[in-house]
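Trainee: The structure follows.
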Amino acid sequence: MLKDITFGQYFPGDSVIHKLDPRMKLILIVAYIVLLFVADGLFSLLIGTLMLGVIYSMSKLPWKLVIKCIKPIMPIIIFTAVLNIFFVEGEPLFEWWIISVSKKGVLTAVLMCIRIICLIAGSSLLTYTTTPIALTDGLERLMKPLQKIKVPVHELSMMMTIALRFIPTLIDETQKIMAAQKARGADMESGNVIQKAKALIPILIPLFVSAFRRADELALAMECRCYHGGEGRTRMKQLKLTSLDWVAAAFITVGFAAVILMNKFGPEVFRL
Amino acid sequence: MAEIIVKTEGLRYIYSEGTPYEHAALDGVDIEIEKGSFVGVIGHTGSGKSTLIQHLNGLLRPSYGKVFIGGEDIWANPKDIRRFRFKVGLVFQYPEHQLFEETVYKDIAFGPKNMGLSENEINERVLEAAKLTGLTEDYLEKSPFELSGGEKRRVAIAGVLAMKPEVLILDEPTAGLDPKGREFILSEIKNYHERTGATIILVSHSMEDVARFASHVLIMNHSKAAMFGETREIFKKVDELCEIGLEVPQISRVFAKLREKGIEVPESVLTVAEAKEAVLNILGKGGKADA
Amino acid sequence: MIKGFKMAKKKFIEANSISFSYPSYDGIIPPLILDGTSISIEEGEFMAVLGHNGSGKSTLAKHFNAILIPTEGKVSVNGTETSNEAKLFEIRQEVGMVFQNPDNQIVATIIEEDVAFALENLGVPPEEIRKRVDDALKKVDMYDYRLHAPNQLSGGQKQRIAIAGIIAMRPKCIVLDEPTAMLDPKGRREVMSTIKQLNEEMGITVVLITHYMDEAAMCNRVVIVDEGKVIMDSTPREVFGNVEEIKKRMLDVPQVTELCHELKKEGFDLPDCVLNEEECVEALEKLLKGGVWNG
């Protein structure tokens, strides 16, 4: 059943990566993405790839998850590669008719592909090992300083939390309404696009009505529990950075330093 | 023997087959329901009763086994399945949540329209269904969303009645209503049963309601049909029902306790009226105190 | 009824001839939902409110924690008037409210975070929240589920979580608006026994709006609301003793009450009002074994 499946991509586990503070994870993933773009040669990038490999194996996630998250963006990767191979100008590797492929083009293509794969795999690692609620929480706390410039940080995160809470409920509800309309002979499978779109009306209207009714009741329940925005609010769960988080930060810092050193002193081949 | 209208044969239904969430929601259900009977279906949440009723009109397709309506295997030709949805009308729990049209009239007409009936026929059926559910003509042009909870539910039930189903299934039609609303819906169902001779399948948590209206009772437990028989026979089995964790009507419990205490009272008392009669019989009319 | 005993107790909620209607809109003056009704609730009471949909009972209940303010008359909670906006959160913390639909009152995606919600809003320090949340979860017997997601729970369990979310505020009174209407019998039993326990063990005042007469029979006071007014207010025994009056208002009485009433009408000597199975069995046993006496 749909509702049995945990929403989002979260993959339960209790590895050290799962245990990291969501704030630290968010900061480190940003740092890692920067690192991927700082790396200007194949060797530097390989350091980045290696780091990801180490983190993945520490997270104890099945390796097939990497493939699973890369799959949907495969067309983009191929597209980027083709674009780079054929359109980056430089010393031609070979020429045929009007097509010319340069050495630089091939190198750019390879580097770009590695970057994209690492970027997607890295950010998926974040969503695989962090529950959506922890992510929202981490984001809220990281963005707290923005409240000073009137960004409604608390409100945004409250919205996110409620959305996460009600998505399974609404999925459930959709299935019920669909079944009820089918029982009255609604035909949702046959017909052309317009007919199919029309067949959605008996489902969408009750769904909206129900969502509004729920919103109304939830707002009332929240008022009864003294909700009045983010002002003066405390949190039960205090996020605390542990030594684990600092080790992780150190790991990324060391990786970063290694990439910069490789950029500076590494072999001059396979560079842009 | 009367004609069998609903029949299931080795009915099994496996949820999420092939995933870690796999479980049998129905595990070998064989029942036969006679035409014109009024069957009460009782069971805990998760006992399989909701899954069962969704098989009877072809909303769910059995993993194994067969469903027959009026002797026809409903999945013999899957393309033909909608025909059985009109034969077997299903009113879901909280059916008012499915209303969507601008007017009550249009909403009730949704089913008949899907049946491909003529305008005249649709009009006739809508009016008839509205009348059956106590909705006067001035309701028909109102928006269903401005009605009270109880009225909305009547509109939703009318929407199914307008398809004139031979078998009418209702999943807890009185849930969340006040006593007045409950009484109204139940008498409406009884009325439809008597007027059209349709077969009624009523899923309910209220033993009192089932005892009052049903001729037969089906007890679902752990994805199986645990008991099926005449209402009186089923409610005699107080101990067995208790074992499943189900109750019998309050009045039947009282009489079962009296029997335990060695007082000769009838074995199966289902309603207050029956109980009163039983007591009067025992004491004899002449036994009245200050008569 | 022992009047002196009742008077000794402290009045906790007092509504003084209150009326309520929603503001007029488009020139249409909406009908009065509450029509000059008065009621007072004492500390530690376990009170049922009956009445059919549209009778005004939910509207009345919403006046008890300042969700609604009467258009006429006054409501005071523990001596504070509900129109006093400065005390709004104090009032809501003292009088908690639980609603019918278990799904629509759970805010968070993890049970324990939901129970913590009210305390977080009130700005309680984190360690204290933790303590109170664990406490509340244990009281409703849901501690083992603290890390579950709401959609993994049954209706009865969700409703107990909603109750935990309220009692974590340490309220003096809890108002429940048809908390069992959407539950199956098992869920109803769970929730009712939880509510009873709150009243008996923690001394929390309970106002229970319900359509189930057997639930009302468990309370020590029954109030019937009709057309925006309190029309009956007494012990369950006295209220249900009035079988005819109740039936006239299209409400129900428990089956056993009705049976004994019917038999009494036939002239048999039975107690005035029988409320539960045990009493009924006892009364009938006497009647059937001993034949007839007093005759």
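Going through the structure tokens in order, the chains are called A, B, and so on, while each chain numbers its residues from 1 and the ligands are numbered from 1 in the order shown.
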Using only C-alpha atoms, determine which residues lie at most 7 Å from Glu141 of chain B, disregarding the query and same-chain residues fewer than 6 positions distant; provide the list as a ChimeraX atom specification.

Mentor: /B:103-105

Trainee: Just want the 8 Å neighbourhood of segment 41-57 of chain B, counted on only C-alpha atoms, with same-chain residues fewer than 5 positions away dropped. Output as a VMD selection string.

Mentor: (chain A and resid 183) or (chain B and resid 6 25 to 26 62 67 69 84 to 85 87 to 90 169 171 201 to 205 217 to 224 246) or (chain C and resid 184 186)

Trainee: Atoms to include: C-alpha atoms. Write the selected residues as an mmCIF file, in the first residue's frame.

Mentor:
data_model
loop_
_atom_site.group_PDB
_atom_site.id
_atom_site.type_symbol
_atom_site.label_atom_id
_atom_site.label_comp_id
_atom_site.auth_asym_id
_atom_site.auth_seq_id
_atom_site.Cartn_x
_atom_site.Cartn_y
_atom_site.Cartn_z
ATOM 1 C CA ALA A 183 -18.323 2.476 -7.971
ATOM 2 C CA VAL B 6 -23.662 -13.126 -4.689
ATOM 3 C CA ALA B 25 -6.316 -9.192 3.128
ATOM 4 C CA LEU B 26 -8.662 -11.994 2.148
ATOM 5 C CA PRO B 62 -9.122 -11.203 -6.727
ATOM 6 C CA VAL B 67 -16.701 -13.708 -7.683
ATOM 7 C CA ILE B 69 -22.985 -12.003 -9.392
ATOM 8 C CA PHE B 84 -21.324 -5.176 -12.511
ATOM 9 C CA ARG B 85 -20.634 -1.888 -10.779
ATOM 10 C CA LYS B 87 -25.613 -4.168 -10.617
ATOM 11 C CA VAL B 88 -23.854 -4.005 -7.274
ATOM 12 C CA GLY B 89 -24.074 -0.510 -5.799
ATOM 13 C CA LEU B 90 -21.462 0.339 -3.224
ATOM 14 C CA ILE B 169 -23.690 -2.548 -0.197
ATOM 15 C CA ASP B 171 -20.045 0.500 4.457
ATOM 16 C CA ILE B 201 -25.194 -5.904 2.548
ATOM 17 C CA LEU B 202 -24.655 -3.646 5.547
ATOM 18 C CA VAL B 203 -21.220 -3.297 7.088
ATOM 19 C CA SER B 204 -21.615 -1.990 10.610
ATOM 20 C CA HIS B 205 -19.912 -1.752 13.953
ATOM 21 C CA VAL B 217 -24.834 -12.043 9.644
ATOM 22 C CA LEU B 218 -21.359 -12.508 8.241
ATOM 23 C CA ILE B 219 -18.518 -12.285 10.734
ATOM 24 C CA MET B 220 -15.136 -11.481 9.238
ATOM 25 C CA ASN B 221 -12.020 -12.223 11.245
ATOM 26 C CA HIS B 222 -8.354 -12.408 10.244
ATOM 27 C CA SER B 223 -9.137 -12.179 6.506
ATOM 28 C CA LYS B 224 -11.561 -15.102 6.675
ATOM 29 C CA LEU B 246 -16.737 -8.702 19.093
ATOM 30 C CA ASP C 184 -14.492 1.447 15.697
ATOM 31 C CA LYS C 186 -12.154 -1.124 19.963
#

Trainee: Please report as a VMD selection string which residues of chain A come no farther than 8 Å from chain B, using only C-alpha atoms.

Mentor: chain A and resid 1 4 177 179 to 187 201 to 203 205 to 206 210

Trainee: Just C-alpha atoms for this one: save the residues we selected as a PDB file, in the first residue's frame.

Mentor:
ATOM      1  CA  MET A   1       0.000   0.000   0.000  1.00  0.00           C
ATOM      2  CA  ASP A   4       3.200   2.111   4.100  1.00  0.00           C
ATOM      3  CA  ILE A 177     -12.463   8.986  -3.774  1.00  0.00           C
ATOM      4  CA  ALA A 179     -12.829   3.975  -5.731  1.00  0.00           C
ATOM      5  CA  ALA A 180     -16.079   5.722  -4.802  1.00  0.00           C
ATOM      6  CA  GLN A 181     -16.440   7.356  -8.216  1.00  0.00           C
ATOM      7  CA  LYS A 182     -15.570   4.135  -9.991  1.00  0.00           C
ATOM      8  CA  ALA A 183     -18.323   2.476  -7.971  1.00  0.00           C
ATOM      9  CA  ARG A 184     -20.678   4.987  -9.559  1.00  0.00           C
ATOM     10  CA  GLY A 185     -19.445   3.928 -12.953  1.00  0.00           C
ATOM     11  CA  ALA A 186     -16.842   6.627 -13.559  1.00  0.00           C
ATOM     12  CA  ASP A 187     -14.623   5.586 -16.423  1.00  0.00           C
ATOM     13  CA  ILE A 201     -13.034  16.448 -12.118  1.00  0.00           C
ATOM     14  CA  PRO A 202     -15.039  14.051  -9.915  1.00  0.00           C
ATOM     15  CA  ILE A 203     -11.789  13.261  -8.125  1.00  0.00           C
ATOM     16  CA  ILE A 205     -13.149  18.589  -6.580  1.00  0.00           C
ATOM     17  CA  PRO A 206     -13.828  16.296  -3.612  1.00  0.00           C
ATOM     18  CA  SER A 210     -11.538  17.706   1.731  1.00  0.00           C
TER      19      SER A 210
END

Trainee: Just the number, please: distance in Å from atom CA of Lys261 of chain B to atom CA of Val253 of chain C, one decimal.

Mentor: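 Between atom CA of Lys261 of chain B and atom CA of Val253 of chain C the gap works out to 25.9 Å.
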
Trainee: Quick one: which residues from chain C are at most 9 Å off chain A, using only C-alpha atoms, as a compact mmCIF listing (two decimals) with N, CA and C atoms, in the first residue's frame?

Mentor:
# COMPACT_ATOMS: atom_id res chain seq x y z
N ASN C 65 -12.93 27.49 25.82
CA ASN C 65 -11.50 27.84 25.79
C ASN C 65 -11.22 29.01 24.87
N ALA C 66 -12.19 29.90 24.79
CA ALA C 66 -11.99 31.18 24.11
C ALA C 66 -11.70 31.04 22.62
N ILE C 67 -12.15 29.93 22.04
CA ILE C 67 -12.09 29.86 20.57
C ILE C 67 -13.18 30.77 20.03
N LEU C 88 -5.40 34.89 26.94
CA LEU C 88 -5.86 33.88 25.98
C LEU C 88 -5.12 32.56 26.12
N PHE C 89 -3.79 32.60 26.13
CA PHE C 89 -3.04 31.35 26.15
C PHE C 89 -3.13 30.65 27.50
N GLU C 90 -3.29 31.45 28.56
CA GLU C 90 -3.50 30.84 29.87
C GLU C 90 -4.78 30.01 29.86
N ARG C 92 -6.40 28.76 27.24
CA ARG C 92 -6.31 27.58 26.36
C ARG C 92 -5.43 26.50 26.94
N GLN C 93 -4.50 26.92 27.79
CA GLN C 93 -3.65 25.92 28.41
C GLN C 93 -4.41 25.21 29.54
N VAL C 95 -7.80 24.86 29.61
CA VAL C 95 -8.90 24.09 29.03
C VAL C 95 -8.47 23.60 27.65
N GLY C 96 -8.12 22.34 27.57
CA GLY C 96 -7.68 21.77 26.30
C GLY C 96 -8.86 21.22 25.52
N MET C 97 -8.66 21.03 24.22
CA MET C 97 -9.77 20.56 23.41
C MET C 97 -9.33 19.47 22.43
N VAL C 98 -10.15 18.44 22.32
CA VAL C 98 -9.89 17.34 21.38
C VAL C 98 -11.08 17.24 20.44
N PHE C 99 -10.81 17.01 19.16
CA PHE C 99 -11.88 17.02 18.18
C PHE C 99 -12.19 15.64 17.62
N ASN C 101 -12.20 14.35 14.31
CA ASN C 101 -11.40 13.66 13.31
C ASN C 101 -9.94 13.53 13.77
N ASP C 103 -7.36 12.50 12.37
CA ASP C 103 -6.33 12.86 11.40
C ASP C 103 -6.06 14.35 11.37
N ASN C 104 -7.10 15.13 11.60
CA ASN C 104 -6.97 16.56 11.36
C ASN C 104 -6.53 17.35 12.58
N GLN C 105 -6.00 16.68 13.58
CA GLN C 105 -5.47 17.47 14.70
C GLN C 105 -4.05 17.08 15.05
N ILE C 106 -3.46 16.22 14.24
CA ILE C 106 -2.06 15.88 14.47
C ILE C 106 -1.22 16.69 13.49
N VAL C 107 -0.29 17.47 14.03
CA VAL C 107 0.44 18.44 13.21
C VAL C 107 1.76 17.86 12.71
N ALA C 108 2.45 17.13 13.57
CA ALA C 108 3.81 16.72 13.24
C ALA C 108 3.86 15.34 12.61
N THR C 109 4.98 15.01 12.01
CA THR C 109 5.11 13.72 11.35
C THR C 109 5.63 12.64 12.28
N ILE C 110 6.02 13.03 13.48
CA ILE C 110 6.45 12.04 14.46
C ILE C 110 5.62 12.26 15.72
N GLU C 113 6.83 14.46 18.61
CA GLU C 113 6.91 15.87 18.25
C GLU C 113 5.53 16.51 18.28
N ALA C 116 4.60 17.30 21.70
CA ALA C 116 5.37 18.45 22.19
C ALA C 116 4.85 19.78 21.64
N PHE C 117 4.02 19.72 20.62
CA PHE C 117 3.64 20.94 19.88
C PHE C 117 3.14 22.08 20.77
N ALA C 118 2.17 21.77 21.63
CA ALA C 118 1.60 22.83 22.46
C ALA C 118 2.65 23.42 23.39
N LEU C 119 3.48 22.55 23.95
CA LEU C 119 4.49 23.02 24.90
C LEU C 119 5.52 23.90 24.19
N GLU C 120 5.85 23.55 22.97
CA GLU C 120 6.77 24.38 22.19
C GLU C 120 6.16 25.76 21.95
N ASN C 121 4.85 25.76 21.66
CA ASN C 121 4.17 27.03 21.45
C ASN C 121 4.17 27.89 22.70
N LEU C 122 4.09 27.21 23.85
CA LEU C 122 4.03 27.95 25.12
C LEU C 122 5.42 28.37 25.59
N GLY C 123 6.45 27.95 24.85
CA GLY C 123 7.80 28.37 25.21
C GLY C 123 8.37 27.67 26.44
N VAL C 124 7.94 26.43 26.67
CA VAL C 124 8.46 25.65 27.79
C VAL C 124 9.91 25.24 27.47
N PRO C 125 10.81 25.26 28.46
CA PRO C 125 12.20 24.86 28.18
C PRO C 125 12.29 23.40 27.70
N PRO C 126 13.25 23.12 26.80
CA PRO C 126 13.35 21.81 26.16
C PRO C 126 13.36 20.60 27.11
N GLU C 127 14.11 20.69 28.21
CA GLU C 127 14.21 19.51 29.10
C GLU C 127 12.84 19.23 29.72
N GLU C 128 12.16 20.32 30.07
CA GLU C 128 10.84 20.19 30.67
C GLU C 128 9.86 19.60 29.66
N ILE C 129 9.97 20.03 28.40
CA ILE C 129 9.08 19.48 27.36
C ILE C 129 9.27 17.98 27.28
N ARG C 130 10.53 17.57 27.18
CA ARG C 130 10.84 16.16 27.07
C ARG C 130 10.16 15.36 28.19
N ALA C 149 5.11 7.25 12.89
CA ALA C 149 4.44 8.30 12.11
C ALA C 149 2.95 8.18 12.36
N PRO C 150 2.22 9.30 12.36
CA PRO C 150 0.79 9.25 12.66
C PRO C 150 0.02 8.28 11.76
N ASN C 151 0.39 8.20 10.49
CA ASN C 151 -0.41 7.35 9.61
C ASN C 151 -0.15 5.85 9.80
N GLN C 152 0.73 5.53 10.74
CA GLN C 152 0.91 4.11 11.06
C GLN C 152 -0.02 3.68 12.19
N GLY C 165 -1.35 15.16 23.59
CA GLY C 165 -0.91 16.50 23.21
C GLY C 165 -1.57 17.57 24.07
N ILE C 166 -2.78 17.29 24.53
CA ILE C 166 -3.47 18.24 25.39
C ILE C 166 -2.99 18.10 26.84
N MET C 169 0.01 19.82 28.32
CA MET C 169 -0.09 21.22 28.77
C MET C 169 -0.46 21.30 30.25
